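Asks: Got upload31.csv for you, CSV, C-alpha atoms:
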chain,number,residue,atom,x,y,z
A,4,MET,CA,5.9,-5.5,22.6
A,5,SER,CA,5.8,-7.9,19.7
A,6,GLY,CA,6.3,-4.9,17.4
A,7,TRP,CA,9.4,-4.0,19.3
A,8,SER,CA,12.7,-4.9,17.8
A,9,ALA,CA,14.6,-7.5,19.7
A,10,ARG,CA,17.5,-5.1,19.8
A,11,ARG,CA,15.5,-2.5,21.7
A,12,ALA,CA,13.9,-5.1,24.0
A,13,ALA,CA,17.0,-7.0,25.1
A,14,PRO,CA,18.3,-4.3,27.5
A,15,TRP,CA,14.9,-4.0,29.1
A,16,LEU,CA,14.6,-7.7,29.5
A,17,VAL,CA,18.1,-8.1,31.0
A,18,LEU,CA,17.4,-5.1,33.3
A,19,SER,CA,14.2,-6.7,34.6
A,20,ILE,CA,16.0,-10.0,35.2
A,21,ALA,CA,18.8,-8.3,37.0
A,22,VAL,CA,16.5,-6.4,39.3
A,23,GLN,CA,14.6,-9.6,40.0
A,24,ARG,CA,17.7,-11.6,40.8
A,25,VAL,CA,19.1,-8.9,43.1
A,26,LEU,CA,15.8,-8.8,45.0
A,27,GLU,CA,15.8,-12.6,45.3
A,28,LEU,CA,19.4,-12.6,46.5
A,29,ARG,CA,18.3,-10.3,49.3
A,30,VAL,CA,15.6,-12.8,50.3
A,31,ALA,CA,18.1,-15.6,50.1
A,32,ARG,CA,20.5,-13.8,52.4
A,33,VAL,CA,17.8,-13.2,55.0
A,34,ASN,CA,16.8,-16.9,54.7
A,35,GLU,CA,20.5,-18.0,54.9
A,36,ARG,CA,21.0,-16.0,58.0
A,37,TRP,CA,18.0,-17.6,59.6
A,38,ALA,CA,19.0,-21.1,58.6
A,39,ARG,CA,22.5,-20.7,59.9
A,40,GLU,CA,21.1,-19.4,63.2
A,41,GLN,CA,19.1,-22.6,63.4
A,42,GLY,CA,22.3,-24.6,63.0
A,43,ALA,CA,22.1,-25.3,59.2
A,44,VAL,CA,24.8,-27.3,57.6
A,45,GLU,CA,25.9,-26.2,54.1
A,46,TYR,CA,26.6,-28.7,51.3
A,47,GLY,CA,28.0,-28.1,47.9
A,48,ARG,CA,29.9,-25.0,48.8
A,49,GLU,CA,32.6,-25.8,46.3
A,50,HIS,CA,30.3,-25.6,43.3
A,51,TYR,CA,28.3,-22.6,44.5
A,52,PRO,CA,30.6,-20.0,42.6
A,53,LEU,CA,29.7,-21.7,39.3
A,54,PHE,CA,26.2,-20.3,39.5
A,55,PHE,CA,27.7,-16.8,40.0
A,56,VAL,CA,29.6,-17.3,36.8
A,57,LEU,CA,26.8,-19.0,34.8
A,58,HIS,CA,24.0,-16.6,35.5
A,59,PRO,CA,25.7,-13.2,35.0
A,60,ALA,CA,27.5,-14.7,31.9
A,61,TRP,CA,24.0,-15.7,30.6
A,62,MET,CA,22.6,-12.2,31.1
A,63,LEU,CA,25.6,-10.6,29.4
A,64,SER,CA,25.4,-13.0,26.5
A,65,LEU,CA,21.6,-12.4,26.3
A,66,LEU,CA,22.2,-8.7,26.2
A,67,LEU,CA,25.0,-8.8,23.6
A,68,GLU,CA,23.3,-11.3,21.3
A,69,GLY,CA,19.9,-9.7,21.7
A,70,ARG,CA,21.3,-6.3,20.9
A,71,ALA,CA,22.9,-7.8,17.7
A,72,SER,CA,19.6,-9.3,16.7
A,73,ARG,CA,17.8,-7.8,13.7
A,74,GLY,CA,14.4,-9.4,14.3
A,75,ARG,CA,11.4,-8.6,16.3
A,76,VAL,CA,10.5,-9.8,19.8
A,77,ASN,CA,9.4,-13.4,19.7
A,78,LEU,CA,6.1,-13.1,21.6
A,79,PRO,CA,5.5,-16.8,22.4
A,80,ALA,CA,9.0,-17.1,23.9
A,81,LEU,CA,8.5,-13.9,25.9
A,82,LEU,CA,5.1,-15.1,27.2
A,83,LEU,CA,6.7,-18.4,28.2
A,84,PHE,CA,9.3,-16.4,30.2
A,85,VAL,CA,6.6,-14.2,31.8
A,86,LEU,CA,4.5,-17.3,32.6
A,87,ALA,CA,7.5,-18.9,34.3
A,88,GLN,CA,7.6,-16.1,36.9
A,89,PRO,CA,4.5,-17.1,38.9
A,90,LEU,CA,6.0,-20.7,39.0
A,91,ARG,CA,9.2,-19.2,40.4
A,92,TYR,CA,7.4,-17.4,43.2
A,93,TRP,CA,5.2,-20.4,43.9
A,94,VAL,CA,8.4,-22.4,44.6
A,95,ILE,CA,9.8,-19.5,46.8
A,96,ARG,CA,6.6,-19.2,48.7
A,97,THR,CA,6.2,-23.0,49.2
A,98,LEU,CA,9.7,-23.2,50.6
A,99,GLY,CA,9.3,-20.1,52.7
A,100,ARG,CA,12.3,-19.6,55.0
A,101,TYR,CA,13.9,-22.7,53.5
A,102,TRP,CA,14.3,-21.1,50.1
A,103,ASN,CA,17.8,-20.3,49.4
A,104,THR,CA,20.5,-20.2,46.6
A,105,ARG,CA,22.7,-22.5,48.7
A,106,ILE,CA,22.2,-26.1,49.9
A,107,LEU,CA,21.5,-25.5,53.6
A,108,ILE,CA,20.0,-28.4,55.6
A,109,VAL,CA,18.3,-27.1,58.8
A,110,PRO,CA,18.2,-29.5,61.8
A,111,GLY,CA,14.7,-30.5,62.5
A,112,GLY,CA,13.5,-29.5,59.1
A,113,ARG,CA,11.7,-31.8,56.7
A,114,ARG,CA,11.8,-32.1,53.0
A,115,VAL,CA,9.1,-30.0,51.4
A,116,THR,CA,6.6,-32.0,49.4
A,117,GLY,CA,3.7,-29.5,49.0
A,118,GLY,CA,3.1,-27.0,46.3
A,119,PRO,CA,5.0,-27.6,43.0
A,120,PHE,CA,7.1,-30.2,44.9
A,121,ARG,CA,4.1,-32.6,44.6
A,122,TRP,CA,4.9,-32.9,40.9
A,123,LEU,CA,8.6,-32.2,40.6
A,124,PRO,CA,11.4,-32.9,43.0
A,125,HIS,CA,13.3,-29.7,41.9
A,126,PRO,CA,10.7,-27.3,40.4
A,127,ASN,CA,12.9,-24.2,40.8
A,128,TYR,CA,15.5,-25.8,38.4
A,129,ALA,CA,12.8,-26.5,35.9
A,130,VAL,CA,11.7,-22.8,36.0
A,131,VAL,CA,15.3,-21.7,35.6
A,132,ALA,CA,15.8,-24.0,32.7
A,133,LEU,CA,12.7,-22.5,31.1
A,134,GLU,CA,14.0,-19.0,31.7
A,135,LEU,CA,17.5,-19.7,30.4
A,136,ALA,CA,15.9,-20.8,27.1
A,137,SER,CA,12.9,-18.6,26.7
A,138,ALA,CA,14.4,-15.2,27.6
A,139,PRO,CA,17.1,-15.3,24.9
A,140,LEU,CA,14.7,-16.8,22.4
A,141,ALA,CA,12.4,-13.8,23.0
A,142,VAL,CA,15.0,-11.5,21.6
A,143,GLY,CA,16.5,-13.7,18.9
A,144,ALA,CA,19.5,-14.8,21.0
A,145,TRP,CA,19.3,-18.5,20.0
A,146,ARG,CA,23.0,-19.2,20.6
A,147,THR,CA,22.7,-17.9,24.1
A,148,ALA,CA,19.6,-20.1,24.7
A,149,LEU,CA,21.3,-23.2,23.4
A,150,ALA,CA,24.7,-22.7,25.1
A,151,PHE,CA,23.4,-21.7,28.5
A,152,THR,CA,20.6,-24.3,28.5
A,153,LEU,CA,23.3,-27.0,28.0
A,154,LEU,CA,25.7,-25.5,30.5
A,155,ASN,CA,22.9,-25.2,33.1
A,156,ALA,CA,21.7,-28.8,32.5
A,157,ALA,CA,25.3,-30.1,32.9
A,158,LEU,CA,25.7,-28.1,36.2
A,159,LEU,CA,22.4,-29.2,37.6
A,160,LEU,CA,22.3,-32.8,36.5
A,161,LEU,CA,26.0,-33.6,37.1
A,162,ILE,CA,26.7,-31.5,40.2
A,163,ARG,CA,24.0,-29.5,41.9
A,164,ILE,CA,21.1,-32.0,42.1
A,165,PRO,CA,23.3,-34.9,43.1
A,166,ALA,CA,24.8,-32.7,45.9
A,167,GLU,CA,21.3,-31.8,47.1
A,168,GLU,CA,20.1,-35.4,47.1
A,169,ARG,CA,23.3,-36.5,49.0
A,170,ALA,CA,22.7,-33.8,51.6
A,171,LEU,CA,19.1,-34.8,52.0
A,172,LYS,CA,19.9,-38.5,52.3
A,173,GLU,CA,22.7,-37.8,54.8
A,174,TYR,CA,20.4,-35.7,56.9
A,175,ALA,CA,17.6,-38.3,56.7
A,176,ALA,CA,20.0,-41.1,57.8
A,177,ARG,CA,20.9,-39.1,60.9
A,178,GLN,CA,17.3,-38.6,62.0
A,179,PRO,CA,15.8,-40.9,64.6
Spit out the file's structure as structure tokens when you get a sec.

Replies:
Amino acid sequence: MSGWSARRAAPWLVLSIAVQRVLELRVARVNERWAREQGAVEYGREHYPLFFVLHPAWMLSLLLEGRASRGRVNLPALLLFVLAQPLRYWVIRTLGRYWNTRILIVPGGRRVTGGPFRWLPHPNYAVVALELASAPLAVGAWRTALAFTLLNAALLLLIRIPAEERALKEYAARQP
């Protein structure tokens, strides 16, 4: 694939990401239904739509800038993206039914501290940050990598992670 032009590879990369995200959203919806049946309380609902703007915009930008690229596939960046995938699924597997795209706190649940959570409090966000940079860089879309890495960092650091931490603290404070 390193002999592939970035222009030819970009649509395939975006297609693989889109398929992956659609399948993950199906899992998230099943998990969301289960969590709500358990009496889960949702936090951060007001910022949730921002993710549904950020991620599709990133994929579109990746596709357009990648298709305009005149270079070859950047193999180290592509490998970094590919190596991030087992980390993503390790997070999903570790969280099990608690994995979701929303902030849902299930009564009686406990904060997960195993798997990758032993080393990072929010490993899924680290994986996403790695993907948002490495996938565009793989096809020469450095502007996309820079812009969406910065937008994602702002969204996570200023809004999403603080909302998750507040939700967890509030839940912990209510426990006996």

Asks: Interatomic distance between CA of Glu168 (chain A) and CA of Glu45 (chain A)?

Replies: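 Separating CA of Glu168 (chain A) from CA of Glu45 (chain A) is a distance of 12.9 Å.
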
Asks: When you draw a straight line from CA of Pro139 (chain A) to CA of Val56 (chain A), how long is it in Å?

Replies: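 Going from CA of Pro139 (chain A) over to CA of Val56 (chain A), I get 17.4 Å.
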
Asks: Anything within 9 Å of (24.0, -32.0, 54.5): list those residues as a ChimeraX atom specification, counting all atoms listed in the file and sticking to the file's coordinates.

Replies: /A:43-47,106-109,166-167,169-174

Asks: Can you pull out every residue within 12 Å of Trp145 (chain A), counting only C-alpha atoms, but drop anything in the same chain fewer than 5 positions away, and send it as a ChimeraX atom specification?

Replies: /A:9,61,64-69,71-72,74,77,80,135-140,150-152

Asks: Could you state the separation of CA of Ala31 (chain A) and CA of Trp122 (chain A) in Å, given to one decimal place?

Replies: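 CA of Trp122 (chain A) lies 23.6 Å from CA of Ala31 (chain A).
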
Asks: Measuring between all atoms listed in the file, which one of A:Leu90, A:Ala156, A:Ala148, A:Pro110 shows the shortest distance to Arg177 (chain A)?

Replies: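 Answer, going by the shortest atom-to-atom distance: A:Pro110.
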
Asks: Between A:His50, A:Arg163, A:Arg10, A:Arg32, which one has atoms that come closest to Val76 (chain A), using all atoms listed in the file?

Replies: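 Among A:His50, A:Arg163, A:Arg10, A:Arg32, it is A:Arg10 that comes nearest to Val76 (chain A).
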
Asks: When distances are computed from only C-alpha atoms, which of A:Thr97, A:Ala176, A:Gln88, A:Pro165 shows the smallest separation from Glu134 (chain A)?

Replies: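 Comparing A:Thr97, A:Ala176, A:Gln88, A:Pro165 against Glu134 (chain A), the winner is A:Gln88.
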
Asks: For Arg24 (chain A), which of A:Thr104, A:Ser8, A:Gln41, A:Thr147 is the closest residue, counting all atoms listed in the file?

Replies: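 Of all the options, A:Thr104 lies closest to Arg24 (chain A).
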
Asks: Would you mind telling me which residue in A:Leu149, A:Leu98, A:Leu161, A:Leu57 lies nearest to Asn127 (chain A) when using all atoms listed in the file?

Replies: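 Ranking A:Leu149, A:Leu98, A:Leu161, A:Leu57 by distance to Asn127 (chain A), first place goes to A:Leu98.
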